[in-house]
>>> print(open('my_file.pdb').read())   # PDB, C-alpha atoms
MODEL        1
ATOM      1  CA  MET A  30     -71.736   3.158   1.106
ATOM      2  CA  SER A  31     -69.342   1.303  -1.192
ATOM      3  CA  VAL A  32     -65.576   1.336  -0.705
ATOM      4  CA  PRO A  33     -63.431   2.188  -3.739
ATOM      5  CA  GLY A  34     -61.358  -0.771  -4.821
ATOM      6  CA  THR A  35     -57.598  -0.565  -5.049
ATOM      7  CA  GLY A  36     -56.983  -3.512  -7.343
ATOM      8  CA  GLN A  37     -54.383  -4.815  -4.861
ATOM      9  CA  GLY A  38     -56.562  -5.787  -1.908
ATOM     10  CA  GLU A  39     -55.858  -2.477  -0.105
ATOM     11  CA  PRO A  40     -57.001  -2.585   3.570
ATOM     12  CA  ARG A  41     -60.113  -0.578   4.524
ATOM     13  CA  ARG A  42     -58.075   1.462   6.986
ATOM     14  CA  ASP A  43     -55.697   2.624   4.228
ATOM     15  CA  VAL A  44     -58.658   3.534   1.973
ATOM     16  CA  ASP A  45     -60.269   5.599   4.733
ATOM     17  CA  ARG A  46     -56.974   7.310   5.445
ATOM     18  CA  ARG A  47     -56.477   8.268   1.806
ATOM     19  CA  GLN A  48     -60.028   9.619   1.566
ATOM     20  CA  GLU A  49     -59.402  11.724   4.679
ATOM     21  CA  LEU A  50     -56.257  13.232   3.143
ATOM     22  CA  GLU A  51     -58.085  13.991  -0.104
ATOM     23  CA  ALA A  52     -60.823  15.751   1.882
ATOM     24  CA  ARG A  53     -58.203  17.845   3.662
ATOM     25  CA  ARG A  54     -56.605  18.817   0.377
ATOM     26  CA  GLU A  55     -60.035  19.881  -0.968
ATOM     27  CA  VAL A  56     -60.679  22.052   2.127
ATOM     28  CA  GLN A  57     -57.237  23.586   1.704
ATOM     29  CA  ARG A  58     -57.854  24.434  -1.939
ATOM     30  CA  GLN A  59     -61.169  26.074  -1.042
ATOM     31  CA  ARG A  60     -59.510  28.174   1.688
ATOM     32  CA  GLN A  61     -56.747  29.253  -0.675
ATOM     33  CA  ALA A  62     -59.343  30.241  -3.288
ATOM     34  CA  GLU A  63     -61.283  32.279  -0.718
ATOM     35  CA  ALA A  64     -58.085  33.912   0.451
ATOM     36  CA  ALA A  65     -57.198  34.831  -3.139
ATOM     37  CA  ARG A  66     -60.628  36.391  -3.733
ATOM     38  CA  ALA A  67     -60.404  38.291  -0.431
ATOM     39  CA  SER A  68     -56.966  39.552  -1.388
ATOM     40  CA  GLU A  69     -58.341  41.019  -4.611
ATOM     41  CA  PHE A  70     -60.815  43.165  -2.641
ATOM     42  CA  GLY A  71     -58.305  43.946   0.151
ATOM     43  CA  GLU A  72     -60.217  41.932   2.722
ATOM     44  CA  GLY A  73     -58.946  39.212   5.063
ATOM     45  CA  SER A  74     -55.558  38.927   3.424
ATOM     46  CA  GLU A  75     -53.787  38.514   6.749
ATOM     47  CA  SER A  76     -56.166  35.892   8.111
ATOM     48  CA  GLY A  77     -56.273  34.073   4.772
ATOM     49  CA  GLY A  78     -52.480  34.005   4.603
ATOM     50  CA  GLU A  79     -52.300  32.724   8.129
ATOM     51  CA  SER A  80     -54.967  30.109   7.430
ATOM     52  CA  GLY A  81     -53.226  28.959   4.264
ATOM     53  CA  SER A  82     -49.934  28.880   6.070
ATOM     54  CA  GLU A  83     -51.291  26.837   8.930
ATOM     55  CA  SER A  84     -53.228  24.441   6.764
ATOM     56  CA  GLY A  85     -50.763  24.130   3.854
ATOM     57  CA  GLY A  86     -47.545  24.437   5.837
ATOM     58  CA  GLU A  87     -48.443  21.935   8.563
ATOM     59  CA  SER A  88     -51.463  19.751   7.839
ATOM     60  CA  GLU A  89     -50.700  18.514   4.342
ATOM     61  CA  PRO A  90     -46.997  17.630   4.720
ATOM     62  CA  ALA A  91     -47.670  16.020   8.079
ATOM     63  CA  GLY A  92     -50.596  14.069   6.624
ATOM     64  CA  GLU A  93     -48.663  12.911   3.582
ATOM     65  CA  ALA A  94     -45.673  11.886   5.680
ATOM     66  CA  GLN A  95     -47.922   9.945   8.041
ATOM     67  CA  TYR A  96     -49.658   8.293   5.069
ATOM     68  CA  GLN A  97     -46.340   7.241   3.562
ATOM     69  CA  ARG A  98     -45.223   5.744   6.837
ATOM     70  CA  GLU A  99     -48.443   3.856   7.419
ATOM     71  CA  VAL A 100     -49.572   2.868   3.906
ATOM     72  CA  GLU A 101     -46.849   3.017   1.266
ATOM     73  CA  PRO A 102     -44.611  -0.060   0.905
ATOM     74  CA  GLY A 103     -41.041   0.361   2.219
ATOM     75  CA  GLY A 104     -41.958   3.423   4.237
ATOM     76  CA  ASP A 105     -41.392   1.683   7.593
ATOM     77  CA  ASP A 106     -37.785   1.724   8.831
ATOM     78  CA  GLY A 107     -38.591  -1.347  10.912
ATOM     79  CA  GLN A 108     -39.003  -3.370   7.733
ATOM     80  CA  GLY A 109     -35.466  -2.400   6.642
ATOM     81  CA  ARG A 110     -34.101  -3.417   9.994
ATOM     82  CA  ALA A 111     -36.041  -6.666   9.831
ATOM     83  CA  ARG A 112     -34.490  -7.444   6.452
ATOM     84  CA  ALA A 113     -30.977  -6.611   7.687
ATOM     85  CA  THR A 114     -31.217  -8.762  10.821
ATOM     86  CA  PRO A 115     -31.214 -12.192   9.061
ATOM     87  CA  ILE A 116     -28.256 -11.136   6.876
ATOM     88  CA  LEU A 117     -26.244 -10.088   9.921
ATOM     89  CA  ARG A 118     -27.173 -13.260  11.779
ATOM     90  CA  GLU A 119     -26.184 -15.464   8.835
ATOM     91  CA  SER A 120     -22.872 -13.615   8.439
ATOM     92  CA  VAL A 121     -22.018 -14.158  12.113
ATOM     93  CA  ILE A 122     -22.860 -17.871  11.814
ATOM     94  CA  VAL A 123     -20.732 -18.309   8.658
ATOM     95  CA  VAL A 124     -17.719 -16.524  10.207
ATOM     96  CA  GLY A 125     -18.091 -18.517  13.422
ATOM     97  CA  LEU A 126     -18.219 -21.840  11.586
ATOM     98  CA  ALA A 127     -15.180 -20.875   9.481
ATOM     99  CA  LEU A 128     -13.158 -20.039  12.603
ATOM    100  CA  LEU A 129     -14.257 -23.268  14.285
ATOM    101  CA  LEU A 130     -13.258 -25.332  11.232
ATOM    102  CA  SER A 131      -9.892 -23.567  11.076
ATOM    103  CA  LEU A 132      -9.304 -24.298  14.765
ATOM    104  CA  ILE A 133     -10.136 -27.998  14.285
ATOM    105  CA  VAL A 134      -7.768 -28.266  11.291
ATOM    106  CA  LYS A 135      -4.976 -26.471  13.163
ATOM    107  CA  THR A 136      -5.368 -28.605  16.298
ATOM    108  CA  TRP A 137      -5.499 -32.076  14.743
ATOM    109  CA  LEU A 138      -4.650 -31.958  11.035
ATOM    110  CA  MET A 139      -2.420 -29.170   9.713
ATOM    111  CA  GLN A 140      -0.666 -26.048  10.951
ATOM    112  CA  ALA A 141       1.392 -23.261   9.390
ATOM    113  CA  PHE A 142       4.941 -22.401  10.507
ATOM    114  CA  TYR A 143       7.549 -19.961   9.267
ATOM    115  CA  ILE A 144      11.240 -20.663   8.692
ATOM    116  CA  PRO A 145      13.360 -18.513  11.061
ATOM    117  CA  SER A 146      16.886 -19.307   9.802
ATOM    118  CA  GLU A 147      19.081 -20.426   6.906
ATOM    119  CA  SER A 148      19.748 -23.931   8.297
ATOM    120  CA  MET A 149      17.518 -25.683   5.701
ATOM    121  CA  GLU A 150      18.749 -23.880   2.569
ATOM    122  CA  ASN A 151      18.235 -24.386  -0.284
ATOM    123  CA  THR A 152      15.270 -26.647   0.433
ATOM    124  CA  LEU A 153      13.703 -23.925   2.569
ATOM    125  CA  LEU A 154      14.636 -20.264   2.716
ATOM    126  CA  LYS A 155      14.448 -17.927   5.690
ATOM    127  CA  GLY A 156      10.960 -16.393   5.861
ATOM    128  CA  ASP A 157       9.202 -19.222   3.998
ATOM    129  CA  ARG A 158       5.851 -20.412   5.329
ATOM    130  CA  VAL A 159       5.251 -24.143   5.379
ATOM    131  CA  ILE A 160       2.232 -26.339   6.072
ATOM    132  CA  VAL A 161       2.836 -29.190   8.511
ATOM    133  CA  ASN A 162       0.921 -32.477   8.526
ATOM    134  CA  LYS A 163       0.157 -33.133  12.204
ATOM    135  CA  LEU A 164      -0.792 -36.769  11.566
ATOM    136  CA  VAL A 165       2.964 -37.519  11.611
ATOM    137  CA  PRO A 166       4.448 -39.305  13.569
ATOM    138  CA  SER A 167       1.101 -40.727  14.674
ATOM    139  CA  PRO A 168      -0.896 -42.313  13.110
ATOM    140  CA  ILE A 169       1.424 -41.877  10.062
ATOM    141  CA  SER A 170       4.940 -43.155  10.757
ATOM    142  CA  LEU A 171       8.105 -41.128  10.289
ATOM    143  CA  GLN A 172      10.542 -41.968   7.530
ATOM    144  CA  ARG A 173      14.182 -41.139   7.028
ATOM    145  CA  GLY A 174      14.399 -37.998   4.910
ATOM    146  CA  ASP A 175      11.210 -36.393   6.280
ATOM    147  CA  VAL A 176      11.416 -32.660   7.039
ATOM    148  CA  ILE A 177       9.870 -32.208  10.478
ATOM    149  CA  VAL A 178       8.903 -29.380  12.821
ATOM    150  CA  PHE A 179       9.532 -30.018  16.515
ATOM    151  CA  GLU A 180       9.541 -28.144  19.798
ATOM    152  CA  ASP A 181      12.848 -27.001  21.234
ATOM    153  CA  PRO A 182      14.221 -30.122  23.007
ATOM    154  CA  ASP A 183      16.598 -28.488  25.491
ATOM    155  CA  HIS A 184      17.385 -24.827  24.873
ATOM    156  CA  TRP A 185      18.618 -25.338  21.336
ATOM    157  CA  LEU A 186      17.260 -21.880  20.552
ATOM    158  CA  PRO A 187      18.114 -18.568  22.222
ATOM    159  CA  ALA A 188      15.390 -16.830  24.196
ATOM    160  CA  PRO A 189      12.957 -15.237  21.705
ATOM    161  CA  VAL A 190      12.855 -11.465  21.496
ATOM    162  CA  PRO A 191       9.196 -10.394  21.891
ATOM    163  CA  LEU A 192       7.846  -8.210  19.118
ATOM    164  CA  GLN A 193       6.591  -4.777  20.102
ATOM    165  CA  ARG A 194       2.844  -4.636  19.412
ATOM    166  CA  SER A 195      -0.019  -2.606  20.787
ATOM    167  CA  PRO A 196      -2.366  -4.504  23.141
ATOM    168  CA  LEU A 197      -5.021  -4.602  20.403
ATOM    169  CA  MET A 198      -2.652  -5.914  17.709
ATOM    170  CA  SER A 199      -1.187  -8.434  20.153
ATOM    171  CA  ALA A 200      -4.674  -9.754  20.936
ATOM    172  CA  VAL A 201      -5.602  -9.965  17.245
ATOM    173  CA  ASN A 202      -2.319 -11.701  16.371
ATOM    174  CA  SER A 203      -2.699 -14.227  19.194
ATOM    175  CA  THR A 204      -6.282 -14.979  18.173
ATOM    176  CA  LEU A 205      -5.378 -15.555  14.519
ATOM    177  CA  ILE A 206      -2.503 -17.848  15.528
ATOM    178  CA  PHE A 207      -4.785 -19.725  17.931
ATOM    179  CA  VAL A 208      -7.358 -20.503  15.224
ATOM    180  CA  GLY A 209      -4.638 -21.300  12.673
ATOM    181  CA  LEU A 210      -5.009 -18.334  10.316
ATOM    182  CA  LEU A 211      -1.448 -17.149  10.997
ATOM    183  CA  PRO A 212       1.741 -19.217  11.388
ATOM    184  CA  SER A 213       3.067 -19.670  14.892
ATOM    185  CA  ASP A 214       5.634 -17.025  15.872
ATOM    186  CA  GLU A 215       6.396 -18.267  19.389
ATOM    187  CA  GLY A 216      10.064 -18.832  18.479
ATOM    188  CA  ASN A 217      10.288 -22.245  20.186
ATOM    189  CA  HIS A 218      10.051 -24.556  17.147
ATOM    190  CA  LEU A 219      12.767 -25.876  14.840
ATOM    191  CA  ILE A 220      12.670 -27.536  11.431
ATOM    192  CA  LYS A 221      15.225 -30.172  10.345
ATOM    193  CA  ARG A 222      15.477 -33.362   8.295
ATOM    194  CA  VAL A 223      15.252 -36.819   9.873
ATOM    195  CA  ILE A 224      18.452 -38.778   9.202
ATOM    196  CA  GLY A 225      18.223 -41.530  11.795
ATOM    197  CA  LEU A 226      15.202 -43.348  13.256
ATOM    198  CA  PRO A 227      15.162 -45.082  16.668
ATOM    199  CA  GLY A 228      17.895 -47.722  16.773
ATOM    200  CA  ASP A 229      19.728 -46.469  13.666
ATOM    201  CA  HIS A 230      23.515 -46.323  13.625
ATOM    202  CA  VAL A 231      24.559 -43.068  11.917
ATOM    203  CA  ARG A 232      28.220 -42.396  11.157
ATOM    204  CA  CYS A 233      30.105 -39.649   9.355
ATOM    205  CA  CYS A 234      32.345 -39.496   7.615
ATOM    206  CA  ASP A 235      34.314 -42.157   5.742
ATOM    207  CA  GLN A 236      37.505 -41.535   3.743
ATOM    208  CA  ASN A 237      35.421 -40.192   0.858
ATOM    209  CA  LYS A 238      33.502 -37.779   3.162
ATOM    210  CA  ARG A 239      30.325 -39.829   2.936
ATOM    211  CA  MET A 240      27.741 -40.541   5.635
ATOM    212  CA  SER A 241      26.339 -44.000   6.361
ATOM    213  CA  VAL A 242      23.173 -45.223   8.077
ATOM    214  CA  ASN A 243      23.207 -48.799   9.403
ATOM    215  CA  GLY A 244      26.309 -49.391   7.329
ATOM    216  CA  ALA A 245      24.788 -48.204   4.013
ATOM    217  CA  VAL A 246      26.371 -45.158   2.388
ATOM    218  CA  VAL A 247      23.821 -42.463   1.500
ATOM    219  CA  THR A 248      24.117 -39.759  -1.134
ATOM    220  CA  GLU A 249      22.137 -36.643  -0.215
ATOM    221  CA  PRO A 250      20.964 -34.539  -3.197
ATOM    222  CA  TYR A 251      19.332 -31.905  -0.965
ATOM    223  CA  LEU A 252      22.573 -30.657   0.624
ATOM    224  CA  PHE A 253      23.432 -26.973   0.243
ATOM    225  CA  PRO A 254      25.771 -26.549  -2.756
ATOM    226  CA  GLY A 255      29.395 -26.961  -1.668
ATOM    227  CA  ASP A 256      28.561 -28.548   1.717
ATOM    228  CA  VAL A 257      29.855 -31.946   2.834
ATOM    229  CA  PRO A 258      27.616 -34.253   4.925
ATOM    230  CA  SER A 259      29.351 -33.037   8.082
ATOM    231  CA  GLN A 260      32.434 -30.993   8.891
ATOM    232  CA  GLU A 261      32.762 -32.649  12.313
ATOM    233  CA  PRO A 262      32.885 -36.448  12.606
ATOM    234  CA  PHE A 263      30.346 -38.360  14.692
ATOM    235  CA  ASN A 264      29.381 -41.958  15.338
ATOM    236  CA  ILE A 265      26.083 -42.413  17.173
ATOM    237  CA  THR A 266      23.210 -44.817  17.758
ATOM    238  CA  VAL A 267      19.761 -43.251  18.036
ATOM    239  CA  PRO A 268      18.072 -44.145  21.364
ATOM    240  CA  PRO A 269      14.533 -45.648  21.404
ATOM    241  CA  GLY A 270      11.724 -43.127  21.017
ATOM    242  CA  ARG A 271      14.049 -40.491  19.510
ATOM    243  CA  VAL A 272      15.296 -39.330  16.073
ATOM    244  CA  TRP A 273      18.556 -37.865  14.771
ATOM    245  CA  VAL A 274      18.000 -34.636  12.784
ATOM    246  CA  MET A 275      20.247 -32.476  10.617
ATOM    247  CA  GLY A 276      19.796 -29.324   8.545
ATOM    248  CA  ASP A 277      20.312 -29.356   4.774
ATOM    249  CA  HIS A 278      22.755 -26.437   5.083
ATOM    250  CA  ARG A 279      25.212 -28.521   7.112
ATOM    251  CA  SER A 280      27.807 -25.770   7.515
ATOM    252  CA  ASP A 281      25.168 -23.407   8.992
ATOM    253  CA  SER A 282      22.957 -25.699  11.066
ATOM    254  CA  ALA A 283      23.071 -26.175  14.849
ATOM    255  CA  ASP A 284      21.331 -29.555  14.767
ATOM    256  CA  SER A 285      21.727 -32.893  16.590
ATOM    257  CA  ARG A 286      25.486 -32.839  16.018
ATOM    258  CA  ALA A 287      25.949 -29.538  17.881
ATOM    259  CA  HIS A 288      23.984 -30.658  20.956
ATOM    260  CA  ASP A 289      25.128 -34.257  21.370
ATOM    261  CA  GLN A 290      28.222 -33.455  23.470
ATOM    262  CA  SER A 291      29.866 -36.794  22.582
ATOM    263  CA  SER A 292      27.015 -38.688  24.260
ATOM    264  CA  GLY A 293      26.681 -41.172  21.385
ATOM    265  CA  GLY A 294      23.267 -39.844  20.366
ATOM    266  CA  ALA A 295      21.584 -39.575  23.779
ATOM    267  CA  LEU A 296      21.645 -35.770  24.064
ATOM    268  CA  GLY A 297      21.587 -34.709  20.420
ATOM    269  CA  SER A 298      18.578 -36.767  19.376
ATOM    270  CA  VAL A 299      15.011 -35.383  19.551
ATOM    271  CA  PRO A 300      12.184 -37.121  21.460
ATOM    272  CA  GLU A 301       9.369 -38.198  19.150
ATOM    273  CA  SER A 302       6.921 -36.689  21.648
ATOM    274  CA  LEU A 303       8.168 -33.198  20.710
ATOM    275  CA  ILE A 304       7.534 -33.642  16.979
ATOM    276  CA  VAL A 305       4.673 -31.421  15.766
ATOM    277  CA  GLY A 306       4.483 -32.954  12.299
ATOM    278  CA  ARG A 307       5.992 -33.323   8.843
ATOM    279  CA  ALA A 308       6.368 -30.305   6.552
ATOM    280  CA  ILE A 309       4.589 -31.083   3.278
ATOM    281  CA  THR A 310       4.552 -27.865   1.245
ATOM    282  CA  VAL A 311       5.825 -24.301   1.022
ATOM    283  CA  VAL A 312       2.875 -21.928   0.703
ATOM    284  CA  TRP A 313       4.461 -18.483   1.022
ATOM    285  CA  PRO A 314       5.837 -16.565  -0.771
ATOM    286  CA  PHE A 315       4.052 -17.791  -3.890
ATOM    287  CA  GLU A 316       7.210 -17.895  -5.997
ATOM    288  CA  HIS A 317       8.708 -20.423  -3.527
ATOM    289  CA  TRP A 318       5.704 -22.764  -3.649
ATOM    290  CA  ALA A 319       6.813 -26.398  -3.714
ATOM    291  CA  TRP A 320       5.938 -29.865  -2.425
ATOM    292  CA  LEU A 321       8.385 -31.184   0.165
ATOM    293  CA  SER A 322       8.494 -34.777  -1.001
ATOM    294  CA  ASN A 323      10.505 -37.453   0.761
ATOM    295  CA  PRO A 324      13.775 -38.381  -1.037
ATOM    296  CA  THR A 325      13.008 -42.082  -0.922
ATOM    297  CA  GLN A 326      15.880 -43.054  -3.217
ATOM    298  CA  THR A 327      18.420 -41.551  -0.808
ATOM    299  CA  PHE A 328      17.580 -44.049   1.956
ATOM    300  CA  ALA A 329      16.247 -46.892  -0.204
ATOM    301  CA  GLY A 330      19.341 -49.038   0.448
ATOM    302  CA  VAL A 331      19.390 -48.515   4.214
ATOM    303  CA  PRO A 332      18.607 -51.787   6.074
ATOM    304  CA  THR A 333      16.212 -51.856   9.006
ATOM    305  CA  SER A 334      17.926 -51.400  12.350
ATOM    306  CA  THR A 335      18.308 -54.507  14.474
ATOM    307  CA  ALA A 336      18.983 -52.532  17.652
ATOM    308  CA  LYS A 337      16.482 -52.782  20.469
TER     309      LYS A 337
ENDMDL
END
>>> encode(input="my_file.pdb", output="structure tokens")
Amino acid sequence: MSVPGTGQGEPRRDVDRRQELEARREVQRQRQAEAARASEFGEGSESGGESGSESGGESEPAGEAQYQREVEPGGDDGQGRARATPILRESVIVVGLALLLSLIVKTWLMQAFYIPSESMENTLLKGDRVIVNKLVPSPISLQRGDVIVFEDPDHWLPAPVPLQRSPLMSAVNSTLIFVGLLPSDEGNHLIKRVIGLPGDHVRCCDQNKRMSVNGAVVTEPYLFPGDVPSQEPFNITVPPGRVWVMGDHRSDSADSRAHDQSSGGALGSVPESLIVGRAITVVWPFEHWAWLSNPTQTFAGVPTSTAK
């Protein structure tokens, strides 16, 4: 007996199954025809109706549904799940790699911070988000005029007030900060401008209200409009391994001057080990976007310190 061809290499089992369904449909049509003839003569209408109901209401739909599941392409839900599994797996891998890359960048290269106060106006405004280059001060050296982020040296900041978040939101926020997708909001970092490097002699102010570094007078274009270099006089030498920092808004900045306690620079200066990095750009809000370049001309005339 020859097997009808399908033109698509249809398996023998599928051909046999289709032939079986066609035979069932033929038997059903014959029964329905007999039932119709019996109904005309008033004979066997009840049995014919029941037979038609049993055969047409159960056998054919069940057979067709089974045929679709076994033979027709796309009828198996397992195939849909099989197609979805690689997509889900690839998505998880891509997200995982992105988070890992972000964590690596945040740990060794760059990190985001937000500006909590007005002490750096108008260079930086309260609420700005900045990107910090963590390769400074090592392996890239610090320079006078750099804007740096550093950890609180000795209770310069008041105790942070914890934000009220649900346990879920707190966990999500901590995770995003950990991998570097959100700026740190720990409240224990400050941002100021480096004025004196280790060994520098910084003095303010002369008769013309000017500040000098190693005897060279400096003119600071970044100062807040109307501010003088310092309202309180000081004369300090920066100890080894430390830097002298000041805010651009001198009349509203509790910087090295406010914490020195007439120690000649020993208490007000910041250990280099606490420096997180140099702020290089403002990234948020978009209308404040700017590069934070070093004002090289301001300190170009300052001689190298000879202090040990």
>>> residues_near_point(input="my_file.pdb", point="(20.5, -31.7, 6.8)", cutoff="6 Å", atoms="all atoms listed in the file", output="list of chain:residue names")
A:Arg222, A:Met275, A:Gly276, A:Asp277, A:His278, A:Arg279
>>> atom_distance(input="my_file.pdb", atom1="CA of Pro187 in chain A", atom2="CA of Met240 in chain A")
29.2 Å
>>> resolve_selection(input="my_file.pdb", expression="the PyMOL selection byres ((chain A and resi 227) around 12)", output="PyMOL selection string")
chain A and resi 170-173+223-226+228-231+242-243+265-274+294-295+298-301+333-337
>>> write_last_selection(input="my_file.pdb", atoms="C-alpha atoms", output="short mmCIF file (atom, residue, chain, number, x, y, z; two decimals), in the coordinates of the input")
data_model
loop_
_atom_site.label_atom_id
_atom_site.label_comp_id
_atom_site.auth_asym_id
_atom_site.auth_seq_id
_atom_site.Cartn_x
_atom_site.Cartn_y
_atom_site.Cartn_z
CA SER A 170 4.94 -43.16 10.76
CA LEU A 171 8.10 -41.13 10.29
CA GLN A 172 10.54 -41.97 7.53
CA ARG A 173 14.18 -41.14 7.03
CA VAL A 223 15.25 -36.82 9.87
CA ILE A 224 18.45 -38.78 9.20
CA GLY A 225 18.22 -41.53 11.80
CA LEU A 226 15.20 -43.35 13.26
CA GLY A 228 17.90 -47.72 16.77
CA ASP A 229 19.73 -46.47 13.67
CA HIS A 230 23.52 -46.32 13.62
CA VAL A 231 24.56 -43.07 11.92
CA VAL A 242 23.17 -45.22 8.08
CA ASN A 243 23.21 -48.80 9.40
CA ILE A 265 26.08 -42.41 17.17
CA THR A 266 23.21 -44.82 17.76
CA VAL A 267 19.76 -43.25 18.04
CA PRO A 268 18.07 -44.14 21.36
CA PRO A 269 14.53 -45.65 21.40
CA GLY A 270 11.72 -43.13 21.02
CA ARG A 271 14.05 -40.49 19.51
CA VAL A 272 15.30 -39.33 16.07
CA TRP A 273 18.56 -37.86 14.77
CA VAL A 274 18.00 -34.64 12.78
CA GLY A 294 23.27 -39.84 20.37
CA ALA A 295 21.58 -39.58 23.78
CA SER A 298 18.58 -36.77 19.38
CA VAL A 299 15.01 -35.38 19.55
CA PRO A 300 12.18 -37.12 21.46
CA GLU A 301 9.37 -38.20 19.15
CA THR A 333 16.21 -51.86 9.01
CA SER A 334 17.93 -51.40 12.35
CA THR A 335 18.31 -54.51 14.47
CA ALA A 336 18.98 -52.53 17.65
CA LYS A 337 16.48 -52.78 20.47
#
>>> atom_distance(input="my_file.pdb", atom1="CA of Phe253 in chain A", atom2="CA of Thr310 in chain A")
18.9 Å
>>> closest_residue(input="my_file.pdb", among="A:Pro258, A:Pro166, A:Pro250, A:Gly174", to="Val331 in chain A", atoms="all atoms listed in the file")
A:Gly174
>>> residues_around(input="my_file.pdb", residues="Leu303 in chain A", least_positions_apart="3", cutoff="10 Å", atoms="all atoms listed in the file", output="MDAnalysis selection string")
chainID A and resid 178:182 218 271 299:300 306
>>> residues_around(input="my_file.pdb", residues="Ser280 in chain A", least_positions_apart="2", cutoff="12 Å", atoms="all atoms listed in the file", output="PyMOL selection string")
chain A and resi 147-150+252-261+275-278+282-284+286-287
>>> closest_residue(input="my_file.pdb", among="A:Met139, A:Leu219, A:Leu130, A:Val176", to="Ser322 in chain A", atoms="all atoms listed in the file")
A:Val176
>>> resolve_selection(input="my_file.pdb", expression="the PyMOL selection byres ((chain A and resi 141) around 6)", output="MDAnalysis selection string")
chainID A and resid 140 142 159:160 212
>>> resolve_selection(input="my_file.pdb", expression="the PyMOL selection byres ((chain A and resi 314) around 10)", output="PDB file with C-alpha atoms, in the frame of the given file")
ATOM      1  CA  GLY A 156      10.960 -16.393   5.861  1.00  0.00           C
ATOM      2  CA  ASP A 157       9.202 -19.222   3.998  1.00  0.00           C
ATOM      3  CA  ARG A 158       5.851 -20.412   5.329  1.00  0.00           C
ATOM      4  CA  VAL A 159       5.251 -24.143   5.379  1.00  0.00           C
ATOM      5  CA  VAL A 311       5.825 -24.301   1.022  1.00  0.00           C
ATOM      6  CA  VAL A 312       2.875 -21.928   0.703  1.00  0.00           C
ATOM      7  CA  TRP A 313       4.461 -18.483   1.022  1.00  0.00           C
ATOM      8  CA  PHE A 315       4.052 -17.791  -3.890  1.00  0.00           C
ATOM      9  CA  GLU A 316       7.210 -17.895  -5.997  1.00  0.00           C
ATOM     10  CA  HIS A 317       8.708 -20.423  -3.527  1.00  0.00           C
ATOM     11  CA  TRP A 318       5.704 -22.764  -3.649  1.00  0.00           C
TER      12      TRP A 318
END
>>> atom_distance(input="my_file.pdb", atom1="CA of Glu49 in chain A", atom2="CA of Arg66 in chain A")
26.1 Å
>>> residues_around(input="my_file.pdb", residues="Thr327 in chain A", least_positions_apart="2", cutoff="10 Å", atoms="all atoms listed in the file", output="PyMOL selection string")
chain A and resi 173-174+246-251+323-325+329-331
>>> decode(input="my_file.pdb", residues="range 164-176 of chain A", atoms="N, CA and C atoms", output="PDB file, in the first residue's frame")
ATOM      1  N   LEU A 164      41.327  58.026  39.803  1.00  0.00           N
ATOM      2  CA  LEU A 164      42.757  57.819  39.565  1.00  0.00           C
ATOM      3  C   LEU A 164      43.597  58.940  40.152  1.00  0.00           C
ATOM      4  N   VAL A 165      42.924  59.951  40.750  1.00  0.00           N
ATOM      5  CA  VAL A 165      43.589  61.047  41.453  1.00  0.00           C
ATOM      6  C   VAL A 165      43.353  60.838  42.951  1.00  0.00           C
ATOM      7  N   PRO A 166      44.358  60.924  43.820  1.00  0.00           N
ATOM      8  CA  PRO A 166      45.723  61.420  43.582  1.00  0.00           C
ATOM      9  C   PRO A 166      46.737  60.354  43.170  1.00  0.00           C
ATOM     10  N   SER A 167      46.305  59.138  42.960  1.00  0.00           N
ATOM     11  CA  SER A 167      47.239  58.101  42.521  1.00  0.00           C
ATOM     12  C   SER A 167      46.531  57.186  41.534  1.00  0.00           C
ATOM     13  N   PRO A 168      47.114  56.977  40.343  1.00  0.00           N
ATOM     14  CA  PRO A 168      48.482  57.330  39.911  1.00  0.00           C
ATOM     15  C   PRO A 168      48.624  58.744  39.365  1.00  0.00           C
ATOM     16  N   ILE A 169      47.507  59.487  39.177  1.00  0.00           N
ATOM     17  CA  ILE A 169      47.574  60.858  38.650  1.00  0.00           C
ATOM     18  C   ILE A 169      47.738  61.818  39.823  1.00  0.00           C
ATOM     19  N   SER A 170      48.724  62.683  39.755  1.00  0.00           N
ATOM     20  CA  SER A 170      49.034  63.580  40.871  1.00  0.00           C
ATOM     21  C   SER A 170      48.030  64.714  40.987  1.00  0.00           C
ATOM     22  N   LEU A 171      47.854  65.191  42.214  1.00  0.00           N
ATOM     23  CA  LEU A 171      47.030  66.370  42.466  1.00  0.00           C
ATOM     24  C   LEU A 171      47.728  67.626  41.978  1.00  0.00           C
ATOM     25  N   GLN A 172      46.901  68.638  41.654  1.00  0.00           N
ATOM     26  CA  GLN A 172      47.431  69.941  41.304  1.00  0.00           C
ATOM     27  C   GLN A 172      46.671  71.003  42.083  1.00  0.00           C
ATOM     28  N   ARG A 173      47.315  72.117  42.317  1.00  0.00           N
ATOM     29  CA  ARG A 173      46.610  73.239  42.927  1.00  0.00           C
ATOM     30  C   ARG A 173      45.460  73.664  41.992  1.00  0.00           C
ATOM     31  N   GLY A 174      44.320  73.908  42.563  1.00  0.00           N
ATOM     32  CA  GLY A 174      43.154  74.298  41.774  1.00  0.00           C
ATOM     33  C   GLY A 174      42.213  73.145  41.480  1.00  0.00           C
ATOM     34  N   ASP A 175      42.631  71.894  41.721  1.00  0.00           N
ATOM     35  CA  ASP A 175      41.740  70.755  41.504  1.00  0.00           C
ATOM     36  C   ASP A 175      40.570  70.798  42.483  1.00  0.00           C
ATOM     37  N   VAL A 176      39.374  70.441  41.982  1.00  0.00           N
ATOM     38  CA  VAL A 176      38.202  70.266  42.846  1.00  0.00           C
ATOM     39  C   VAL A 176      38.151  68.795  43.229  1.00  0.00           C
TER      40      VAL A 176
END
